[in-house]
Amino acid sequence: MTTNTTDVAVADSLHRDYQLLKKEIGKVIIGQHQVVDAVLMSIFAGGHTLLVGVPGLAKTLLVRTISEVLDLQFSRIQFTPDLMPGDITGSEILDEKREFKFLRGPLFANIVLADEINRTPPKTQSALLEAMQEKSVTVGGKVHELERPFFVLATQNPIEQEGTYPLPEAQLDRFMFNAVLDYPTFEEELQVVKNTTAAAIPQVSKLMNAQQIMHYQQLVRKVPVPDNVLEYAVKLVSKTRPGTAMATTQVNNYLEFGAGPRAGQYLILGAKCHAVLNGSYSPDIQNVRAIAKDVLRHRLLKNYKAEAEGISVEQIIEGLL
């Protein structure tokens, strides 16, 4: 933030607030530091996050805690096979005066937790897609603006795939990050069990509000990016596309298709955010590398050869880095 002292002050303030937020969230969420980082980064960068993990890893608690600390309106939608688009967007009803009145659905909140998003049919998934992309919903031909800031944090269970509707690639691409929740370590699990079975339940304080978040989002957009970092991000994305000039041997062997231009946008936005949150005023290549897995994980499609040889998407990304 070369000359503007106000921007530098705001960046310093975001760095300080971020440390406080992590400390406050840590009262309730034990461990899962990378996932907390990913969610906070996507919020300050104005993106959406897909959380993937087996049941019982506190995905809902994590999102609820973050919304409490940020003082944002939270709503949770449990996606089921019989959920209709109107159940999430809201619908028009006839009131006493026999006039149509719009009843707002659960999408009208700042943070929407879309639980088990792959359990609902494509029709309902696409209603969520419009909300994520346009920050508005269309009901009865009328456009209704959603709350600002607006984030969707969707969860997917990686094991039970019977009766699910996998998200199409175009929809997965709308998510800035795909964060994977892992089992806690033995010490962390000990702490979780101790905390959740005691009489006193830890409470968190509100440390921010919607206005501040929107102010910080504007700041992240203003962060200057050196040309070599821009080139590194775009090259990294280009290398993921099999059959193109920049593709590596591993990519040609194991990928069906690679990441689109949106990946490059999110790599740069994420790197800007990662830099500021960690006390720097401009991102370098290390900042891009730090978030590359979360940005690329859901944008690369493996082929049969990769499946047969047990090659993971993470291994391919490691190879590219």
# chains A, B, ... in the order shown; residues from 1 in each chain; ligands from 1
>>> residues_around(residues="Ala290 in chain A", least_positions_apart="2", cutoff="12 Å", atoms="only C-alpha atoms", output="list of chain:residue names")
A:Gln34, A:Asp37, A:Ala38, A:Met41, A:Ala233, A:Leu267, A:Ile268, A:Gly270, A:Ala271, A:Lys272, A:Cys273, A:His274, A:Ala275, A:Asn278, A:Pro283, A:Asp284, A:Ile285, A:Gln286, A:Asn287, A:Val288, A:Ala292, A:Lys293, A:Asp294, A:Val295, A:Leu296, A:Ile317, A:Glu318, A:Leu321
>>> write_last_selection(atoms="C-alpha atoms", output="short mmCIF file (atom, residue, chain, number, x, y, z; two decimals), in the first residue's frame")
data_model
loop_
_atom_site.label_atom_id
_atom_site.label_comp_id
_atom_site.auth_asym_id
_atom_site.auth_seq_id
_atom_site.Cartn_x
_atom_site.Cartn_y
_atom_site.Cartn_z
CA GLN A 34 -5.98 -24.06 8.78
CA ASP A 37 -7.79 -19.38 8.51
CA ALA A 38 -9.43 -20.41 5.23
CA MET A 41 -9.66 -15.34 4.57
CA ALA A 233 -0.31 -17.41 -10.04
CA LEU A 267 -5.19 -17.19 -5.94
CA ILE A 268 -4.39 -13.46 -6.13
CA GLY A 270 -6.38 -15.07 -1.36
CA ALA A 271 -2.67 -14.16 -1.48
CA LYS A 272 -3.49 -10.46 -0.86
CA CYS A 273 -5.62 -11.44 2.12
CA HIS A 274 -3.04 -13.95 3.44
CA ALA A 275 -0.34 -11.25 3.24
CA ASN A 278 0.05 -11.98 8.43
CA PRO A 283 1.81 -10.56 -1.31
CA ASP A 284 4.80 -12.59 -2.48
CA ILE A 285 5.02 -16.04 -4.07
CA GLN A 286 4.96 -17.71 -0.62
CA ASN A 287 1.50 -16.22 0.02
CA VAL A 288 0.22 -17.76 -3.23
CA ALA A 292 -2.83 -22.87 -3.51
CA LYS A 293 -4.17 -26.24 -2.29
CA ASP A 294 -7.44 -24.77 -0.95
CA VAL A 295 -7.98 -22.85 -4.21
CA LEU A 296 -7.09 -25.67 -6.64
CA ILE A 317 -0.74 -29.82 -6.68
CA GLU A 318 2.41 -30.58 -4.63
CA LEU A 321 4.37 -26.24 -6.45
#
>>> residues_around(residues="range 64-77 of chain A", least_positions_apart="2", cutoff="7 Å", atoms="only C-alpha atoms", output="list of chain:residue names")
A:Ile25, A:Thr60, A:Leu61, A:Leu62, A:Phe79, A:Pro106, A:Ala109, A:Asn110, A:Ile111, A:Val112, A:Leu113, A:Ala114, A:Asp115, A:Val204, A:Ser205, A:Lys206, A:Leu207, A:Met208, A:Asn209, A:Ala210
>>> write_last_selection(atoms="N, CA and C atoms", output="JSON list (two decimals), in the first residue's frame")
[["chain", "number", "residue", "atom", "x", "y", "z"],
["A", 25, "ILE", "N", -12.03, -17.30, 18.73],
["A", 25, "ILE", "CA", -12.61, -18.52, 18.14],
["A", 25, "ILE", "C", -12.01, -19.76, 18.81],
["A", 60, "THR", "N", -20.48, -27.21, 11.82],
["A", 60, "THR", "CA", -21.56, -26.26, 12.13],
["A", 60, "THR", "C", -21.15, -25.35, 13.27],
["A", 61, "LEU", "N", -20.54, -25.92, 14.31],
["A", 61, "LEU", "CA", -20.10, -25.12, 15.46],
["A", 61, "LEU", "C", -19.08, -24.07, 15.03],
["A", 62, "LEU", "N", -18.18, -24.46, 14.13],
["A", 62, "LEU", "CA", -17.15, -23.55, 13.63],
["A", 62, "LEU", "C", -17.79, -22.33, 12.97],
["A", 79, "PHE", "N", -29.68, -29.35, 3.87],
["A", 79, "PHE", "CA", -30.10, -29.75, 2.54],
["A", 79, "PHE", "C", -30.55, -31.21, 2.53],
["A", 106, "PRO", "N", -34.34, -18.54, 4.38],
["A", 106, "PRO", "CA", -33.12, -18.54, 5.20],
["A", 106, "PRO", "C", -31.88, -17.99, 4.49],
["A", 109, "ALA", "N", -29.46, -13.84, 5.16],
["A", 109, "ALA", "CA", -28.62, -13.72, 6.36],
["A", 109, "ALA", "C", -27.23, -13.35, 5.85],
["A", 110, "ASN", "N", -26.31, -13.01, 6.77],
["A", 110, "ASN", "CA", -24.95, -12.68, 6.33],
["A", 110, "ASN", "C", -24.12, -13.93, 6.06],
["A", 111, "ILE", "N", -24.23, -14.89, 6.99],
["A", 111, "ILE", "CA", -23.49, -16.14, 6.82],
["A", 111, "ILE", "C", -24.51, -17.27, 6.72],
["A", 112, "VAL", "N", -24.51, -17.96, 5.59],
["A", 112, "VAL", "CA", -25.44, -19.07, 5.39],
["A", 112, "VAL", "C", -24.65, -20.37, 5.40],
["A", 113, "LEU", "N", -25.00, -21.26, 6.31],
["A", 113, "LEU", "CA", -24.36, -22.57, 6.34],
["A", 113, "LEU", "C", -25.25, -23.52, 5.54],
["A", 114, "ALA", "N", -24.75, -23.96, 4.39],
["A", 114, "ALA", "CA", -25.47, -24.91, 3.55],
["A", 114, "ALA", "C", -24.98, -26.30, 3.91],
["A", 115, "ASP", "N", -25.71, -26.96, 4.81],
["A", 115, "ASP", "CA", -25.24, -28.24, 5.35],
["A", 115, "ASP", "C", -25.55, -29.38, 4.39],
["A", 204, "VAL", "N", -18.21, -16.63, 23.52],
["A", 204, "VAL", "CA", -17.30, -15.74, 22.78],
["A", 204, "VAL", "C", -17.85, -14.32, 22.75],
["A", 205, "SER", "N", -16.94, -13.35, 22.61],
["A", 205, "SER", "CA", -17.35, -11.94, 22.53],
["A", 205, "SER", "C", -17.43, -11.52, 21.07],
["A", 206, "LYS", "N", -18.26, -10.51, 20.81],
["A", 206, "LYS", "CA", -18.38, -9.96, 19.45],
["A", 206, "LYS", "C", -17.23, -8.99, 19.24],
["A", 207, "LEU", "N", -16.41, -9.21, 18.21],
["A", 207, "LEU", "CA", -15.21, -8.38, 18.02],
["A", 207, "LEU", "C", -15.28, -7.51, 16.77],
["A", 208, "MET", "N", -16.32, -7.67, 15.96],
["A", 208, "MET", "CA", -16.37, -6.94, 14.69],
["A", 208, "MET", "C", -17.82, -6.78, 14.29],
["A", 209, "ASN", "N", -18.10, -6.04, 13.22],
["A", 209, "ASN", "CA", -19.47, -5.98, 12.70],
["A", 209, "ASN", "C", -19.44, -5.93, 11.18],
["A", 210, "ALA", "N", -20.63, -5.96, 10.58],
["A", 210, "ALA", "CA", -20.75, -6.03, 9.12],
["A", 210, "ALA", "C", -20.03, -4.87, 8.43]]
>>> atom_distance(atom1="CA of Gly86 in chain A", atom2="CA of Arg98 in chain A")
20.2 Å
>>> select_by_dssp(residues="range 76-304 of chain A", states="strand (DSSP E or B)", output="number ranges by chain")
A: 76-78, 90-94, 100-104, 111-115, 136-139, 142-145, 151-156, 177-180, 255-257, 301-302
>>> write_last_selection(atoms="N, CA and C atoms", output="compact mmCIF listing (two decimals), in the first residue's frame")
# COMPACT_ATOMS: atom_id res chain seq x y z
N ARG A 76 -28.81 -21.51 9.10
CA ARG A 76 -28.35 -22.83 8.70
C ARG A 76 -29.45 -23.51 7.90
N ILE A 77 -29.08 -24.06 6.73
CA ILE A 77 -30.05 -24.78 5.91
C ILE A 77 -29.57 -26.23 5.82
N GLN A 78 -30.42 -27.15 6.26
CA GLN A 78 -30.08 -28.57 6.14
C GLN A 78 -30.59 -29.05 4.78
N GLY A 90 -37.21 -18.20 -0.26
CA GLY A 90 -38.43 -17.53 0.22
C GLY A 90 -39.48 -17.63 -0.87
N SER A 91 -40.72 -17.27 -0.54
CA SER A 91 -41.78 -17.40 -1.54
C SER A 91 -42.82 -16.31 -1.36
N GLU A 92 -43.66 -16.14 -2.38
CA GLU A 92 -44.71 -15.12 -2.31
C GLU A 92 -45.99 -15.76 -1.79
N ILE A 93 -46.65 -15.09 -0.84
CA ILE A 93 -47.91 -15.61 -0.31
C ILE A 93 -48.98 -14.51 -0.42
N LEU A 94 -50.23 -14.92 -0.39
CA LEU A 94 -51.33 -13.95 -0.41
C LEU A 94 -51.62 -13.51 1.01
N PHE A 100 -49.98 -10.03 -3.01
CA PHE A 100 -48.81 -10.90 -2.85
C PHE A 100 -47.77 -10.24 -1.97
N LYS A 101 -47.26 -11.01 -1.02
CA LYS A 101 -46.25 -10.50 -0.09
C LYS A 101 -45.09 -11.50 -0.10
N PHE A 102 -43.86 -10.98 -0.13
CA PHE A 102 -42.69 -11.87 -0.18
C PHE A 102 -42.23 -12.25 1.23
N LEU A 103 -42.20 -13.55 1.48
CA LEU A 103 -41.69 -14.06 2.77
C LEU A 103 -40.25 -14.48 2.56
N ARG A 104 -39.31 -13.81 3.24
CA ARG A 104 -37.89 -14.08 3.03
C ARG A 104 -37.49 -15.45 3.56
N ILE A 111 -24.23 -14.89 6.99
CA ILE A 111 -23.49 -16.14 6.82
C ILE A 111 -24.51 -17.27 6.72
N VAL A 112 -24.51 -17.96 5.59
CA VAL A 112 -25.44 -19.07 5.39
C VAL A 112 -24.65 -20.37 5.40
N LEU A 113 -25.00 -21.26 6.31
CA LEU A 113 -24.36 -22.57 6.34
C LEU A 113 -25.25 -23.52 5.54
N ALA A 114 -24.75 -23.96 4.39
CA ALA A 114 -25.47 -24.91 3.55
C ALA A 114 -24.98 -26.30 3.91
N ASP A 115 -25.71 -26.96 4.81
CA ASP A 115 -25.24 -28.24 5.35
C ASP A 115 -25.55 -29.38 4.39
N SER A 136 -28.17 -11.95 -4.93
CA SER A 136 -29.60 -11.63 -4.97
C SER A 136 -30.36 -12.90 -5.34
N VAL A 137 -31.68 -12.91 -5.12
CA VAL A 137 -32.51 -14.05 -5.55
C VAL A 137 -33.69 -13.51 -6.36
N THR A 138 -34.17 -14.31 -7.30
CA THR A 138 -35.31 -13.92 -8.12
C THR A 138 -36.48 -14.81 -7.77
N VAL A 139 -37.56 -14.19 -7.29
CA VAL A 139 -38.78 -14.94 -6.95
C VAL A 139 -39.96 -14.23 -7.62
N LYS A 142 -39.32 -11.08 -9.60
CA LYS A 142 -38.77 -9.90 -8.90
C LYS A 142 -37.41 -10.25 -8.29
N VAL A 143 -36.48 -9.31 -8.39
CA VAL A 143 -35.13 -9.52 -7.83
C VAL A 143 -35.08 -8.97 -6.42
N HIS A 144 -34.64 -9.79 -5.48
CA HIS A 144 -34.52 -9.35 -4.08
C HIS A 144 -33.04 -9.39 -3.70
N GLU A 145 -32.52 -8.25 -3.28
CA GLU A 145 -31.10 -8.16 -2.88
C GLU A 145 -30.90 -8.87 -1.54
N PHE A 151 -22.05 -14.50 2.72
CA PHE A 151 -21.13 -15.64 2.49
C PHE A 151 -21.89 -16.94 2.59
N VAL A 152 -21.53 -17.86 1.72
CA VAL A 152 -22.06 -19.23 1.83
C VAL A 152 -20.91 -20.12 2.25
N LEU A 153 -21.13 -20.84 3.34
CA LEU A 153 -20.17 -21.86 3.77
C LEU A 153 -20.91 -23.19 3.65
N ALA A 154 -20.51 -23.98 2.67
CA ALA A 154 -21.23 -25.22 2.41
C ALA A 154 -20.43 -26.40 2.93
N THR A 155 -21.12 -27.43 3.44
CA THR A 155 -20.40 -28.61 3.92
C THR A 155 -20.75 -29.81 3.05
N GLN A 156 -19.77 -30.70 2.92
CA GLN A 156 -19.97 -31.96 2.22
C GLN A 156 -19.36 -33.07 3.04
N PHE A 177 -12.53 -21.32 -1.76
CA PHE A 177 -11.69 -22.34 -1.12
C PHE A 177 -12.45 -23.64 -0.95
N ASN A 178 -11.70 -24.73 -0.96
CA ASN A 178 -12.23 -26.02 -0.54
C ASN A 178 -11.34 -26.45 0.62
N ALA A 179 -11.84 -26.30 1.84
CA ALA A 179 -11.03 -26.59 3.03
C ALA A 179 -11.39 -27.97 3.58
N VAL A 180 -10.36 -28.77 3.86
CA VAL A 180 -10.60 -30.13 4.36
C VAL A 180 -10.38 -30.18 5.87
N LEU A 255 -4.69 -35.86 -15.16
CA LEU A 255 -5.86 -34.98 -15.06
C LEU A 255 -6.74 -35.03 -16.30
N GLU A 256 -8.04 -35.00 -16.05
CA GLU A 256 -9.04 -34.94 -17.13
C GLU A 256 -9.12 -33.49 -17.63
N PHE A 257 -9.28 -32.57 -16.68
CA PHE A 257 -9.17 -31.15 -17.03
C PHE A 257 -8.69 -30.35 -15.83
N LEU A 301 -9.85 -32.16 -12.09
CA LEU A 301 -10.57 -33.42 -12.18
C LEU A 301 -9.61 -34.52 -12.62
N LYS A 302 -9.47 -35.53 -11.77
CA LYS A 302 -8.54 -36.64 -12.06
C LYS A 302 -9.14 -37.56 -13.13
>>> select_by_dssp(residues="range 116-306 of chain A", states="helix (DSSP H, G or I)", output="MDAnalysis selection string")
chainID A and resid 117:119 122:134 169:172 186:196 210:222 227:238 249:254 261:277 285:296 304:306
>>> write_last_selection(atoms="C-alpha atoms", output="short mmCIF file (atom, residue, chain, number, x, y, z; two decimals), in the first residue's frame")
data_model
loop_
_atom_site.label_atom_id
_atom_site.label_comp_id
_atom_site.auth_asym_id
_atom_site.auth_seq_id
_atom_site.Cartn_x
_atom_site.Cartn_y
_atom_site.Cartn_z
CA ILE A 117 -25.12 -29.33 -0.06
CA ASN A 118 -24.72 -32.47 -2.19
CA ARG A 119 -27.87 -34.04 -0.69
CA PRO A 122 -29.70 -29.65 -8.91
CA LYS A 123 -32.78 -27.37 -9.05
CA THR A 124 -32.24 -26.27 -5.43
CA GLN A 125 -28.46 -26.21 -5.81
CA SER A 126 -28.83 -23.76 -8.71
CA ALA A 127 -31.01 -21.42 -6.61
CA LEU A 128 -28.10 -21.24 -4.17
CA LEU A 129 -25.72 -20.70 -7.11
CA GLU A 130 -27.59 -17.53 -8.18
CA ALA A 131 -27.43 -16.21 -4.62
CA MET A 132 -23.67 -16.87 -4.41
CA GLN A 133 -22.89 -15.27 -7.76
CA GLU A 134 -25.36 -12.37 -7.95
CA GLU A 169 -17.91 -28.31 -11.87
CA ALA A 170 -19.41 -24.89 -12.70
CA GLN A 171 -20.89 -24.72 -9.22
CA LEU A 172 -17.75 -25.96 -7.45
CA PHE A 186 -5.00 -36.85 20.54
CA GLU A 187 -4.29 -33.76 22.74
CA GLU A 188 -6.87 -31.66 20.85
CA GLU A 189 -9.51 -34.38 21.14
CA LEU A 190 -8.81 -34.67 24.87
CA GLN A 191 -9.37 -30.90 25.19
CA VAL A 192 -12.59 -31.08 23.09
CA VAL A 193 -14.08 -33.83 25.25
CA LYS A 194 -13.07 -31.99 28.43
CA ASN A 195 -14.59 -28.68 27.25
CA THR A 196 -17.83 -30.09 25.86
CA ALA A 210 -20.75 -6.03 9.12
CA GLN A 211 -19.54 -2.47 8.38
CA GLN A 212 -15.98 -3.23 9.48
CA ILE A 213 -15.90 -6.43 7.44
CA MET A 214 -17.00 -4.57 4.29
CA HIS A 215 -14.35 -1.91 5.00
CA TYR A 216 -11.68 -4.62 5.30
CA GLN A 217 -12.92 -6.26 2.07
CA GLN A 218 -12.33 -2.98 0.21
CA LEU A 219 -8.85 -2.78 1.72
CA VAL A 220 -7.95 -6.32 0.53
CA ARG A 221 -8.93 -5.35 -3.02
CA LYS A 222 -6.58 -2.31 -2.85
CA ASP A 227 4.06 -8.53 -11.52
CA ASN A 228 6.16 -11.61 -10.69
CA VAL A 229 3.47 -12.78 -8.20
CA LEU A 230 0.70 -12.26 -10.78
CA GLU A 231 2.71 -14.21 -13.34
CA TYR A 232 3.42 -17.01 -10.85
CA ALA A 233 -0.31 -17.41 -10.04
CA VAL A 234 -1.40 -17.40 -13.70
CA LYS A 235 1.40 -19.84 -14.65
CA LEU A 236 0.41 -22.16 -11.81
CA VAL A 237 -3.19 -22.26 -13.09
CA SER A 238 -2.07 -22.72 -16.73
CA THR A 249 3.93 -34.59 -17.56
CA GLN A 250 2.09 -35.45 -14.34
CA VAL A 251 -0.85 -33.19 -15.31
CA ASN A 252 -1.05 -34.74 -18.81
CA ASN A 253 -0.96 -38.23 -17.30
CA TYR A 254 -3.40 -37.83 -14.45
CA PRO A 261 -9.42 -18.33 -14.98
CA ARG A 262 -11.41 -17.94 -11.75
CA ALA A 263 -8.69 -19.96 -9.99
CA GLY A 264 -6.12 -17.27 -10.86
CA GLN A 265 -8.42 -14.53 -9.54
CA TYR A 266 -8.90 -16.39 -6.26
CA LEU A 267 -5.19 -17.19 -5.94
CA ILE A 268 -4.39 -13.46 -6.13
CA LEU A 269 -7.28 -12.35 -3.88
CA GLY A 270 -6.38 -15.07 -1.36
CA ALA A 271 -2.67 -14.16 -1.48
CA LYS A 272 -3.49 -10.46 -0.86
CA CYS A 273 -5.62 -11.44 2.12
CA HIS A 274 -3.04 -13.95 3.44
CA ALA A 275 -0.34 -11.25 3.24
CA VAL A 276 -2.33 -8.58 5.13
CA LEU A 277 -3.57 -11.01 7.80
CA ILE A 285 5.02 -16.04 -4.07
CA GLN A 286 4.96 -17.71 -0.62
CA ASN A 287 1.50 -16.22 0.02
CA VAL A 288 0.22 -17.76 -3.23
CA ARG A 289 1.75 -21.14 -2.32
CA ALA A 290 0.18 -21.01 1.15
CA ILE A 291 -3.37 -20.99 -0.23
CA ALA A 292 -2.83 -22.87 -3.51
CA LYS A 293 -4.17 -26.24 -2.29
CA ASP A 294 -7.44 -24.77 -0.95
CA VAL A 295 -7.98 -22.85 -4.21
CA LEU A 296 -7.09 -25.67 -6.64
CA TYR A 304 -9.14 -43.05 -14.49
CA LYS A 305 -5.38 -43.57 -14.52
CA ALA A 306 -4.97 -41.37 -11.42
#
>>> atom_distance(atom1="CA of Gly105 in chain A", atom2="CA of Met84 in chain A")
11.4 Å
